[in-house]
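Pasted below: work39.cif, mmCIF, C-alpha atoms and all ligand atoms.
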data_start
loop_
_atom_site.group_PDB
_atom_site.id
_atom_site.type_symbol
_atom_site.label_atom_id
_atom_site.label_comp_id
_atom_site.auth_asym_id
_atom_site.auth_seq_id
_atom_site.Cartn_x
_atom_site.Cartn_y
_atom_site.Cartn_z
ATOM 1 C CA MET A 198 -4.661 -7.674 -18.338
ATOM 2 C CA ILE A 199 -6.741 -8.429 -15.235
ATOM 3 C CA LEU A 200 -7.054 -11.988 -13.914
ATOM 4 C CA VAL A 201 -9.775 -12.916 -11.410
ATOM 5 C CA THR A 202 -9.181 -16.035 -9.315
ATOM 6 C CA GLY A 203 -11.974 -18.249 -7.978
ATOM 7 C CA SER A 204 -13.951 -17.280 -11.055
ATOM 8 C CA SER A 205 -16.464 -20.116 -10.790
ATOM 9 C CA GLY A 206 -17.179 -19.139 -7.181
ATOM 10 C CA ALA A 207 -19.964 -16.751 -6.215
ATOM 11 C CA LEU A 208 -17.841 -13.642 -5.622
ATOM 12 C CA GLY A 209 -15.283 -14.293 -8.380
ATOM 13 C CA GLY A 210 -18.086 -14.873 -10.887
ATOM 14 C CA LEU A 211 -19.787 -11.614 -9.988
ATOM 15 C CA ILE A 212 -16.510 -9.706 -10.293
ATOM 16 C CA LEU A 213 -15.841 -11.276 -13.684
ATOM 17 C CA ASP A 214 -19.332 -10.318 -14.910
ATOM 18 C CA ARG A 215 -18.610 -6.703 -14.074
ATOM 19 C CA LEU A 216 -15.313 -6.752 -15.956
ATOM 20 C CA ALA A 217 -16.831 -8.157 -19.165
ATOM 21 C CA GLY A 218 -15.694 -6.145 -22.175
ATOM 22 C CA HIS A 219 -12.363 -5.285 -20.570
ATOM 23 C CA ASP A 220 -9.024 -7.056 -20.906
ATOM 24 C CA VAL A 221 -9.820 -9.746 -18.357
ATOM 25 C CA VAL A 222 -9.317 -13.474 -17.984
ATOM 26 C CA ALA A 223 -10.876 -15.965 -15.573
ATOM 27 C CA GLY A 224 -8.644 -18.046 -13.300
ATOM 28 C CA THR A 225 -10.140 -21.281 -12.014
ATOM 29 C CA ARG A 226 -9.336 -24.843 -11.015
ATOM 30 C CA SER A 227 -11.616 -26.075 -13.800
ATOM 31 C CA PRO A 228 -10.994 -23.880 -16.844
ATOM 32 C CA ASP A 229 -13.143 -23.790 -19.974
ATOM 33 C CA ARG A 230 -11.854 -22.418 -23.243
ATOM 34 C CA GLY A 231 -10.316 -18.962 -22.810
ATOM 35 C CA GLN A 232 -9.916 -19.424 -19.071
ATOM 36 C CA ARG A 233 -6.705 -20.179 -17.177
ATOM 37 C CA LEU A 234 -5.894 -23.012 -14.835
ATOM 38 C CA VAL A 235 -5.263 -21.438 -11.429
ATOM 39 C CA ASP A 236 -5.174 -23.858 -8.516
ATOM 40 C CA PHE A 237 -3.628 -22.492 -5.321
ATOM 41 C CA ASP A 238 -3.122 -26.079 -4.120
ATOM 42 C CA ARG A 239 -0.934 -26.754 -7.163
ATOM 43 C CA PRO A 240 1.652 -23.942 -7.137
ATOM 44 C CA GLU A 241 3.052 -25.192 -10.457
ATOM 45 C CA THR A 242 -0.144 -23.893 -12.132
ATOM 46 C CA LEU A 243 0.297 -20.375 -10.809
ATOM 47 C CA VAL A 244 3.328 -18.872 -12.533
ATOM 48 C CA ASP A 245 1.967 -19.863 -15.962
ATOM 49 C CA GLY A 246 -1.502 -18.907 -14.805
ATOM 50 C CA PHE A 247 -0.344 -15.395 -13.869
ATOM 51 C CA GLU A 248 1.856 -14.817 -16.933
ATOM 52 C CA GLY A 249 1.213 -11.424 -18.531
ATOM 53 C CA VAL A 250 -1.177 -10.405 -15.752
ATOM 54 C CA ASP A 251 -0.977 -6.753 -14.697
ATOM 55 C CA VAL A 252 -3.704 -6.774 -12.070
ATOM 56 C CA LEU A 253 -4.508 -9.905 -10.108
ATOM 57 C CA VAL A 254 -7.864 -9.978 -8.336
ATOM 58 C CA PHE A 255 -6.980 -12.525 -5.674
ATOM 59 C CA VAL A 256 -10.169 -13.949 -4.188
ATOM 60 C CA SER A 257 -9.383 -15.722 -0.937
ATOM 61 C CA ALA A 258 -9.840 -19.497 -0.921
ATOM 62 C CA GLY A 259 -10.734 -19.967 2.696
ATOM 63 C CA PHE A 260 -12.705 -23.199 2.854
ATOM 64 C CA ALA A 261 -10.009 -25.366 4.482
ATOM 65 C CA ASP A 262 -7.964 -25.614 7.661
ATOM 66 C CA ASP A 263 -5.599 -22.718 8.276
ATOM 67 C CA ASP A 264 -2.446 -24.621 7.327
ATOM 68 C CA VAL A 265 -3.955 -25.302 3.902
ATOM 69 C CA VAL A 266 -5.200 -21.729 3.443
ATOM 70 C CA LEU A 267 -1.836 -20.245 4.433
ATOM 71 C CA ALA A 268 -0.040 -22.544 1.994
ATOM 72 C CA ARG A 269 -2.488 -21.569 -0.765
ATOM 73 C CA HIS A 270 -2.235 -17.864 -0.179
ATOM 74 C CA GLY A 271 1.537 -17.946 0.275
ATOM 75 C CA ALA A 272 1.829 -19.736 -3.069
ATOM 76 C CA VAL A 273 -0.226 -16.998 -4.730
ATOM 77 C CA VAL A 274 2.031 -14.253 -3.365
ATOM 78 C CA ASP A 275 5.168 -16.129 -4.452
ATOM 79 C CA ALA A 276 3.812 -16.817 -7.942
ATOM 80 C CA ALA A 277 2.551 -13.257 -8.441
ATOM 81 C CA THR A 278 6.049 -12.067 -7.524
ATOM 82 C CA ALA A 279 7.722 -14.533 -9.899
ATOM 83 C CA ALA A 280 5.319 -13.682 -12.736
ATOM 84 C CA GLY A 281 5.907 -9.925 -12.356
ATOM 85 C CA VAL A 282 2.311 -9.038 -11.519
ATOM 86 C CA ARG A 283 2.081 -5.257 -11.081
ATOM 87 C CA HIS A 284 -0.833 -4.996 -8.628
ATOM 88 C CA VAL A 285 -2.755 -7.442 -6.453
ATOM 89 C CA VAL A 286 -6.287 -6.718 -5.217
ATOM 90 C CA TYR A 287 -6.995 -9.096 -2.324
ATOM 91 C CA THR A 288 -10.451 -9.861 -0.910
ATOM 92 C CA SER A 289 -9.895 -9.953 2.852
ATOM 93 C CA LEU A 290 -12.058 -9.631 5.980
ATOM 94 C CA VAL A 291 -13.290 -6.491 7.776
ATOM 95 C CA GLY A 292 -11.349 -5.218 10.765
ATOM 96 C CA SER A 293 -14.364 -5.778 13.018
ATOM 97 C CA GLY A 294 -13.904 -9.480 12.234
ATOM 98 C CA ASP A 295 -10.507 -9.581 13.926
ATOM 99 C CA GLY A 296 -11.942 -11.801 16.665
ATOM 100 C CA LEU A 297 -13.154 -14.408 14.166
ATOM 101 C CA THR A 298 -11.105 -17.557 13.645
ATOM 102 C CA ILE A 299 -11.090 -16.862 9.897
ATOM 103 C CA ALA A 300 -9.223 -13.599 10.546
ATOM 104 C CA LEU A 301 -5.900 -15.324 11.123
ATOM 105 C CA ALA A 302 -5.447 -16.419 7.498
ATOM 106 C CA HIS A 303 -6.598 -13.052 6.174
ATOM 107 C CA ARG A 304 -4.253 -11.004 8.342
ATOM 108 C CA TRP A 305 -1.374 -13.389 7.582
ATOM 109 C CA THR A 306 -2.067 -12.961 3.866
ATOM 110 C CA GLU A 307 -2.257 -9.180 4.181
ATOM 111 C CA ALA A 308 1.190 -9.198 5.837
ATOM 112 C CA ARG A 309 2.656 -11.423 3.100
ATOM 113 C CA LEU A 310 1.214 -9.109 0.453
ATOM 114 C CA ALA A 311 2.565 -6.004 2.185
ATOM 115 C CA ALA A 312 6.079 -7.484 2.045
ATOM 116 C CA ALA A 313 5.823 -8.323 -1.683
ATOM 117 C CA PRO A 314 7.307 -6.157 -4.458
ATOM 118 C CA PHE A 315 4.007 -5.342 -6.215
ATOM 119 C CA ALA A 316 1.332 -2.764 -5.398
ATOM 120 C CA VAL A 317 -1.515 -3.995 -3.208
ATOM 121 C CA THR A 318 -5.095 -3.020 -2.461
ATOM 122 C CA VAL A 319 -6.802 -4.842 0.384
ATOM 123 C CA LEU A 320 -10.579 -5.086 0.210
ATOM 124 C CA ARG A 321 -11.612 -6.012 3.714
ATOM 125 C CA ASN A 322 -14.968 -7.510 2.839
ATOM 126 C CA GLY A 323 -17.812 -7.411 5.313
ATOM 127 C CA LEU A 324 -19.786 -10.508 6.196
ATOM 128 C CA TYR A 325 -22.091 -11.553 3.397
ATOM 129 C CA ALA A 326 -25.845 -10.962 3.714
ATOM 130 C CA GLU A 327 -25.971 -14.416 2.161
ATOM 131 C CA ILE A 328 -24.895 -15.864 5.557
ATOM 132 C CA PRO A 329 -28.164 -15.098 7.434
ATOM 133 C CA ALA A 330 -29.996 -15.701 4.132
ATOM 134 C CA SER A 331 -28.718 -19.287 4.122
ATOM 135 C CA MET A 332 -30.499 -19.839 7.459
ATOM 136 C CA VAL A 333 -33.853 -18.609 6.153
ATOM 137 C CA PRO A 334 -35.252 -21.754 4.444
ATOM 138 C CA ALA A 335 -35.085 -23.756 7.704
ATOM 139 C CA ALA A 336 -36.798 -20.914 9.561
ATOM 140 C CA ALA A 337 -39.488 -20.603 6.901
ATOM 141 C CA GLU A 338 -40.176 -24.318 7.169
ATOM 142 C CA SER A 339 -40.183 -24.571 10.959
ATOM 143 C CA GLY A 340 -41.558 -21.156 11.867
ATOM 144 C CA VAL A 341 -38.559 -20.624 14.168
ATOM 145 C CA PHE A 342 -35.358 -18.724 13.450
ATOM 146 C CA ALA A 343 -32.978 -20.457 15.844
ATOM 147 C CA ALA A 344 -29.451 -19.089 16.262
ATOM 148 C CA PRO A 345 -26.914 -18.702 19.095
ATOM 149 C CA TRP A 346 -26.784 -14.950 18.642
ATOM 150 C CA GLY A 347 -28.265 -13.741 21.930
ATOM 151 C CA ASP A 348 -29.160 -10.082 21.485
ATOM 152 C CA GLY A 349 -26.219 -9.486 19.169
ATOM 153 C CA ARG A 350 -26.348 -8.205 15.622
ATOM 154 C CA MET A 351 -24.240 -8.816 12.542
ATOM 155 C CA ALA A 352 -23.553 -6.096 9.963
ATOM 156 C CA VAL A 353 -23.879 -7.627 6.508
ATOM 157 C CA VAL A 354 -23.292 -6.609 2.908
ATOM 158 C CA ALA A 355 -24.599 -8.023 -0.374
ATOM 159 C CA ARG A 356 -21.934 -9.941 -2.316
ATOM 160 C CA GLU A 357 -22.946 -7.922 -5.366
ATOM 161 C CA ASP A 358 -21.801 -4.714 -3.677
ATOM 162 C CA LEU A 359 -18.440 -6.283 -2.874
ATOM 163 C CA ALA A 360 -18.122 -7.369 -6.505
ATOM 164 C CA ASP A 361 -18.924 -3.827 -7.675
ATOM 165 C CA VAL A 362 -16.124 -2.441 -5.521
ATOM 166 C CA ALA A 363 -13.614 -5.113 -6.557
ATOM 167 C CA ALA A 364 -14.257 -4.496 -10.264
ATOM 168 C CA LYS A 365 -14.041 -0.740 -9.836
ATOM 169 C CA VAL A 366 -10.736 -1.004 -7.973
ATOM 170 C CA ALA A 367 -9.294 -3.482 -10.505
ATOM 171 C CA LEU A 368 -10.112 -1.159 -13.402
ATOM 172 C CA ASP A 369 -8.473 1.847 -11.749
ATOM 173 C CA SER A 370 -5.898 0.006 -9.655
ATOM 174 C CA ALA A 371 -3.224 2.731 -9.549
ATOM 175 C CA ALA A 372 -5.675 5.068 -7.804
ATOM 176 C CA HIS A 373 -6.114 2.485 -5.042
ATOM 177 C CA ALA A 374 -2.522 1.311 -4.590
ATOM 178 C CA GLY A 375 -1.498 0.910 -0.959
ATOM 179 C CA ARG A 376 -5.048 1.306 0.310
ATOM 180 C CA THR A 377 -6.982 -0.939 2.692
ATOM 181 C CA TYR A 378 -10.749 -0.513 2.523
ATOM 182 C CA GLU A 379 -13.211 -1.605 5.185
ATOM 183 C CA LEU A 380 -16.252 -2.800 3.241
ATOM 184 C CA GLU A 381 -18.491 -3.188 6.260
ATOM 185 C CA GLY A 382 -22.224 -3.612 5.671
ATOM 186 C CA VAL A 383 -24.439 -0.657 6.568
ATOM 187 C CA GLU A 384 -27.286 -2.770 7.970
ATOM 188 C CA ALA A 385 -27.042 -5.115 10.944
ATOM 189 C CA PHE A 386 -29.343 -8.020 11.788
ATOM 190 C CA GLY A 387 -29.933 -9.915 14.983
ATOM 191 C CA GLY A 388 -32.056 -13.001 15.396
ATOM 192 C CA GLN A 389 -35.166 -10.980 16.256
ATOM 193 C CA ASP A 390 -34.598 -8.718 13.226
ATOM 194 C CA VAL A 391 -34.449 -11.723 10.895
ATOM 195 C CA ALA A 392 -37.550 -13.248 12.503
ATOM 196 C CA ASP A 393 -39.445 -9.945 12.133
ATOM 197 C CA LEU A 394 -38.367 -9.623 8.507
ATOM 198 C CA LEU A 395 -39.532 -13.164 7.743
ATOM 199 C CA THR A 396 -42.808 -12.597 9.566
ATOM 200 C CA THR A 397 -43.499 -9.626 7.293
ATOM 201 C CA THR A 398 -42.269 -11.365 4.142
ATOM 202 C CA LEU A 399 -44.177 -14.603 4.690
ATOM 203 C CA ASP A 400 -47.194 -12.960 6.353
ATOM 204 C CA ARG A 401 -47.164 -15.529 9.164
ATOM 205 C CA PRO A 402 -45.393 -15.514 12.530
ATOM 206 C CA ILE A 403 -41.752 -16.540 12.620
ATOM 207 C CA THR A 404 -40.232 -16.454 16.098
ATOM 208 C CA TYR A 405 -36.618 -16.056 17.177
ATOM 209 C CA ARG A 406 -35.235 -18.717 19.481
ATOM 210 C CA PRO A 407 -31.807 -17.830 20.902
ATOM 211 C CA LEU A 408 -29.754 -21.008 21.292
ATOM 212 C CA PRO A 409 -26.821 -21.647 23.611
ATOM 213 C CA LEU A 410 -23.509 -21.244 21.819
ATOM 214 C CA ALA A 411 -22.799 -24.937 22.409
ATOM 215 C CA ALA A 412 -25.540 -25.720 19.853
ATOM 216 C CA ALA A 413 -23.337 -24.275 17.108
ATOM 217 C CA TRP A 414 -20.996 -27.269 17.467
ATOM 218 C CA GLU A 415 -23.836 -29.491 16.238
ATOM 219 C CA ALA A 416 -23.919 -27.843 12.792
ATOM 220 C CA PRO A 417 -23.148 -30.135 9.845
ATOM 221 C CA GLY A 418 -19.976 -29.758 7.785
ATOM 222 C CA PRO A 419 -16.225 -30.172 8.086
ATOM 223 C CA ARG A 420 -14.747 -29.427 11.508
ATOM 224 C CA PHE A 421 -12.915 -26.280 10.441
ATOM 225 C CA GLN A 422 -16.186 -24.907 9.066
ATOM 226 C CA VAL A 423 -18.105 -25.784 12.224
ATOM 227 C CA GLY A 424 -15.394 -24.093 14.291
ATOM 228 C CA HIS A 425 -15.636 -20.964 12.162
ATOM 229 C CA GLY A 426 -19.413 -21.020 12.650
ATOM 230 C CA VAL A 427 -19.035 -21.185 16.430
ATOM 231 C CA SER A 428 -16.585 -18.293 16.285
ATOM 232 C CA LEU A 429 -18.986 -16.265 14.150
ATOM 233 C CA SER A 430 -21.880 -16.754 16.560
ATOM 234 C CA ALA A 431 -19.664 -16.001 19.578
ATOM 235 C CA ASN A 432 -18.630 -12.716 17.974
ATOM 236 C CA VAL A 433 -22.234 -11.835 17.118
ATOM 237 C CA LEU A 434 -23.512 -12.445 20.634
ATOM 238 C CA ALA A 435 -20.569 -10.514 22.081
ATOM 239 C CA GLY A 436 -21.606 -7.516 19.973
ATOM 240 C CA ARG A 437 -18.344 -7.459 18.032
ATOM 241 C CA LEU A 438 -19.944 -7.573 14.577
ATOM 242 C CA ASP A 439 -22.506 -4.798 14.932
ATOM 243 C CA LEU A 440 -22.357 -1.677 12.742
ATOM 244 C CA HIS A 441 -19.009 0.059 12.302
ATOM 245 C CA PRO A 442 -18.199 2.933 9.994
ATOM 246 C CA GLY A 443 -16.549 1.825 6.770
ATOM 247 C CA ASP A 444 -15.709 2.691 3.173
ATOM 248 C CA LEU A 445 -18.494 0.877 1.334
ATOM 249 C CA GLU A 446 -20.673 3.861 0.513
ATOM 250 C CA THR A 447 -17.681 5.911 -0.598
ATOM 251 C CA LEU A 448 -16.594 3.275 -3.087
ATOM 252 C CA LEU A 449 -19.973 2.333 -4.523
ATOM 253 C CA ASP A 450 -21.494 4.433 -7.297
ATOM 254 C CA ALA A 451 -24.989 3.793 -5.899
ATOM 255 C CA PRO A 452 -26.395 3.235 -2.401
ATOM 256 C CA PRO A 453 -25.596 -0.223 -1.002
ATOM 257 C CA ARG A 454 -28.067 -2.917 -1.965
ATOM 258 C CA ASP A 455 -30.780 -3.632 0.580
ATOM 259 C CA ALA A 456 -29.522 -6.566 2.648
ATOM 260 C CA ARG A 457 -33.106 -7.158 3.793
ATOM 261 C CA GLN A 458 -33.968 -8.156 0.241
ATOM 262 C CA VAL A 459 -31.003 -10.549 0.024
ATOM 263 C CA ILE A 460 -32.288 -12.249 3.175
ATOM 264 C CA ALA A 461 -36.007 -12.114 2.350
ATOM 265 C CA THR A 462 -35.631 -13.629 -1.135
ATOM 266 C CA LYS A 463 -34.659 -16.924 0.507
ATOM 267 C CA ALA A 464 -38.002 -17.119 2.347
HETATM 268 N N1 LIG A 501 -17.108 -12.204 3.779
HETATM 269 C C1 LIG A 501 -17.789 -13.313 3.994
HETATM 270 O O1 LIG A 501 -18.884 -13.313 4.615
HETATM 271 C C2 LIG A 501 -17.291 -14.613 3.487
HETATM 272 C C3 LIG A 501 -18.089 -15.744 3.667
HETATM 273 C C4 LIG A 501 -17.636 -16.938 3.150
HETATM 274 C C5 LIG A 501 -16.414 -16.997 2.505
HETATM 275 N N2 LIG A 501 -15.661 -15.886 2.342
HETATM 276 C C6 LIG A 501 -14.365 -15.906 1.646
HETATM 277 O O2 LIG A 501 -14.569 -15.290 0.386
HETATM 278 C C7 LIG A 501 -14.187 -16.180 -0.654
HETATM 279 C C8 LIG A 501 -15.107 -15.997 -1.831
HETATM 280 O O3 LIG A 501 -16.416 -16.228 -1.387
HETATM 281 P P1 LIG A 501 -17.471 -16.943 -2.337
HETATM 282 O O4 LIG A 501 -18.780 -16.677 -1.736
HETATM 283 O O5 LIG A 501 -17.224 -16.592 -3.763
HETATM 284 O O6 LIG A 501 -17.104 -18.491 -2.099
HETATM 285 P P2 LIG A 501 -17.390 -19.685 -3.114
HETATM 286 O O7 LIG A 501 -18.596 -19.444 -3.930
HETATM 287 O O8 LIG A 501 -17.330 -20.942 -2.299
HETATM 288 O O9 LIG A 501 -16.149 -19.653 -4.083
HETATM 289 C C9 LIG A 501 -14.865 -19.923 -3.609
HETATM 290 C C10 LIG A 501 -13.992 -20.155 -4.816
HETATM 291 O O10 LIG A 501 -12.655 -20.211 -4.360
HETATM 292 C C11 LIG A 501 -11.929 -20.881 -5.356
HETATM 293 N N3 LIG A 501 -10.991 -21.808 -4.761
HETATM 294 C C12 LIG A 501 -11.216 -22.737 -3.812
HETATM 295 N N4 LIG A 501 -10.108 -23.469 -3.611
HETATM 296 C C13 LIG A 501 -9.180 -22.982 -4.470
HETATM 297 C C14 LIG A 501 -7.852 -23.316 -4.771
HETATM 298 N N5 LIG A 501 -7.248 -24.335 -4.172
HETATM 299 N N6 LIG A 501 -7.211 -22.615 -5.730
HETATM 300 C C15 LIG A 501 -7.828 -21.608 -6.389
HETATM 301 N N7 LIG A 501 -9.080 -21.241 -6.145
HETATM 302 C C16 LIG A 501 -9.753 -21.930 -5.214
HETATM 303 C C17 LIG A 501 -12.903 -21.707 -6.202
HETATM 304 O O11 LIG A 501 -12.945 -21.175 -7.507
HETATM 305 P P3 LIG A 501 -12.808 -22.153 -8.790
HETATM 306 O O12 LIG A 501 -13.815 -23.254 -8.561
HETATM 307 O O13 LIG A 501 -13.124 -21.262 -9.935
HETATM 308 O O14 LIG A 501 -11.403 -22.676 -8.785
HETATM 309 C C18 LIG A 501 -14.211 -21.502 -5.474
HETATM 310 O O15 LIG A 501 -15.290 -21.524 -6.343
HETATM 311 C C19 LIG A 501 -14.239 -17.572 -0.021
HETATM 312 O O16 LIG A 501 -13.352 -18.445 -0.691
HETATM 313 C C20 LIG A 501 -13.836 -17.299 1.397
HETATM 314 O O17 LIG A 501 -12.416 -17.256 1.525
HETATM 315 C C21 LIG A 501 -16.094 -14.686 2.800
#
Take the structure in this file and express it as structure tokens.
Amino acid sequence: MILVTGSSGALGGLILDRLAGHDVVAGTRSPDRGQRLVDFDRPETLVDGFEGVDVLVFVSAGFADDDVVLARHGAVVDAATAAGVRHVVYTSLVGSGDGLTIALAHRWTEARLAAAPFAVTVLRNGLYAEIPASMVPAAAESGVFAAPWGDGRMAVVAREDLADVAAKVALDSAAHAGRTYELEGVEAFGGQDVADLLTTTLDRPITYRPLPLAAAWEAPGPRFQVGHGVSLSANVLAGRLDLHPGDLETLLDAPPRDARQVIATKA
């Protein structure tokens, strides 16, 4: 049996969709009938939640401060060990993201998984195309795509492609045991690229306004999230997140989805 955590989240839900018809169960903090209670913040839910699971698709739960995320992810590794899970497929972060503040929790989790007694596959997910897409409505409204990205670009990948790979690996886990895959996007976007794309899509001029990095601290949201946003922009403008060769095309059965479409549909 395969269990997918974070199943009501965007990525977990897409992975679950792809596994429909197989021996799969959804793990979530808010289970409906036929789903399992899996709350990383409540370790007592995990051993029962993972009972009888052969392959655990462990979707990271990163929206919190690092101490919370490390506790969550450590609890998952401990419970998967106690429950006798055979193979864990973990959704991590691309190697090119090593300079991001979110990398710490991912690399810590990878190390904990490597020391565990079960087989592991690490899916080092690229940055979602949905990240620049989330900035599109404000640009469409104002006519200005404003971001502290300088001349930097960010390689992005559609979540759907990452879900395709995760489902494929979960269904044939033995073939992927011990592997770490870099699921880097194959298209990269800078501020001017997004502005040009929106200009074409909306058929009216959208301009790019590069902001100072300090502006990123003014973003709304919890402090950890704002800090991660600053780190993301700093890495973009430093050129750290531009295109890098990866494993995405090798693992997909079709060409990667067009990230331009993911971004343009939000216009
Ligand atoms: N590569 C990227 O660009 C990128 C960007 C953002 C985030 N991420 C990481 O990728 C993960 C999946 O992304 P997403 O887009 O699917 O995010 P999402 O839509 O926000 O879903 C995250 C899911 O994580 C689960 N979760 C949160 N806290 C949990 C806890 N205490 N115990 C168990 N599950 C918990 C929840 O599932 P339930 O509600 O079903 O419990 C939640 O819906 C994120 O959590 C984050 O770590 C990656």
Using all atoms of region 211-228 of chain A listed in the file and a margin of 5 Å per side, can you give the axis-aligned box centre and edge lengths in Å to one decimal, as lines of an AutoDock Vina configuration file?
center_x = -14.2
center_y = -15.7
center_z = -16.1
size_x = 21.1
size_y = 30.8
size_z = 22.2
Selection result of the PyMOL selection byres (((chain A and resi 427) around 12) and not hetatm) on this file, as a PyMOL selection string: chain A and resi 296-299+344-346+408-417+420-426+428-434
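Picture a line from CA of Tyr325 (chain A) to CA of Arg226 (chain A); it runs 23.4 Å.
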Close residues to ligand LIG 501 (chain A) using all atoms listed in the file, limit 7 Å, as a list of chain:residue names: A:Thr202, A:Gly203, A:Ser204, A:Ser205, A:Gly206, A:Ala207, A:Leu208, A:Gly209, A:Gly224, A:Thr225, A:Arg226, A:Ser227, A:Val235, A:Asp236, A:Phe237, A:Asp238, A:Val256, A:Ser257, A:Ala258, A:Gly259, A:Phe260, A:Arg269, A:Thr288, A:Leu290, A:Asn322, A:Gly323, A:Leu324, A:Tyr325, A:Ile328
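In this model, the gap between CA of Arg304 (chain A) and CA of Leu449 (chain A) comes to 24.3 Å.
Note that CA of Glu446 (chain A) and CA of Arg309 (chain A) are 28.0 Å apart.
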Tell me, as a PDB file with C-alpha atoms, in the frame of the given file, which residues lie within 12 Å of His441 (chain A), counting only C-alpha atoms; anything in the same chain fewer than 5 positions away does not count.
ATOM      1  CA  VAL A 291     -13.290  -6.491   7.776  1.00  0.00           C
ATOM      2  CA  GLY A 292     -11.349  -5.218  10.765  1.00  0.00           C
ATOM      3  CA  SER A 293     -14.364  -5.778  13.018  1.00  0.00           C
ATOM      4  CA  GLY A 294     -13.904  -9.480  12.234  1.00  0.00           C
ATOM      5  CA  GLY A 323     -17.812  -7.411   5.313  1.00  0.00           C
ATOM      6  CA  ARG A 350     -26.348  -8.205  15.622  1.00  0.00           C
ATOM      7  CA  MET A 351     -24.240  -8.816  12.542  1.00  0.00           C
ATOM      8  CA  ALA A 352     -23.553  -6.096   9.963  1.00  0.00           C
ATOM      9  CA  VAL A 353     -23.879  -7.627   6.508  1.00  0.00           C
ATOM     10  CA  GLU A 379     -13.211  -1.605   5.185  1.00  0.00           C
ATOM     11  CA  LEU A 380     -16.252  -2.800   3.241  1.00  0.00           C
ATOM     12  CA  GLU A 381     -18.491  -3.188   6.260  1.00  0.00           C
ATOM     13  CA  GLY A 382     -22.224  -3.612   5.671  1.00  0.00           C
ATOM     14  CA  VAL A 383     -24.439  -0.657   6.568  1.00  0.00           C
ATOM     15  CA  GLU A 384     -27.286  -2.770   7.970  1.00  0.00           C
ATOM     16  CA  ALA A 385     -27.042  -5.115  10.944  1.00  0.00           C
ATOM     17  CA  GLY A 436     -21.606  -7.516  19.973  1.00  0.00           C
TER      18      GLY A 436
END
Residues within 9 Å of Gln389 (chain A), please, as a short mmCIF file (atom, residue, chain, number, x, y, z; two decimals) with C-alpha atoms, keeping the file's coordinate frame. Count all atoms listed in the file; anything in the same chain fewer than 4 positions from it doesn't count.
data_model
loop_
_atom_site.label_atom_id
_atom_site.label_comp_id
_atom_site.auth_asym_id
_atom_site.auth_seq_id
_atom_site.Cartn_x
_atom_site.Cartn_y
_atom_site.Cartn_z
CA PHE A 342 -35.36 -18.72 13.45
CA ASP A 348 -29.16 -10.08 21.48
CA ASP A 393 -39.44 -9.94 12.13
CA LEU A 394 -38.37 -9.62 8.51
CA THR A 404 -40.23 -16.45 16.10
CA TYR A 405 -36.62 -16.06 17.18
CA ARG A 406 -35.24 -18.72 19.48
CA PRO A 407 -31.81 -17.83 20.90
#
Residue neighbourhood region 334-338 of chain A, 12 Å, only C-alpha atoms, exclusion window fewer than 3 positions, as a ChimeraX atom specification: /A:328-331,341-344,388,391-406,460-464
Proximity to Gln232 (chain A) - best of A:Leu267, A:Leu216, A:Val201, A:Leu211, only C-alpha atoms: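 So, comparing all the options, the nearest one is A:Val201.
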Reference answer for the PyMOL selection byres (((chain A and resi 367) around 12) and not hetatm), as JSON, numbers by chain: {"A": [198, 199, 200, 201, 212, 213, 215, 216, 219, 220, 221, 250, 251, 252, 253, 254, 255, 283, 284, 285, 286, 287, 288, 316, 317, 318, 319, 320, 360, 361, 362, 363, 364, 365, 366, 368, 369, 370, 371, 372, 373, 374]}
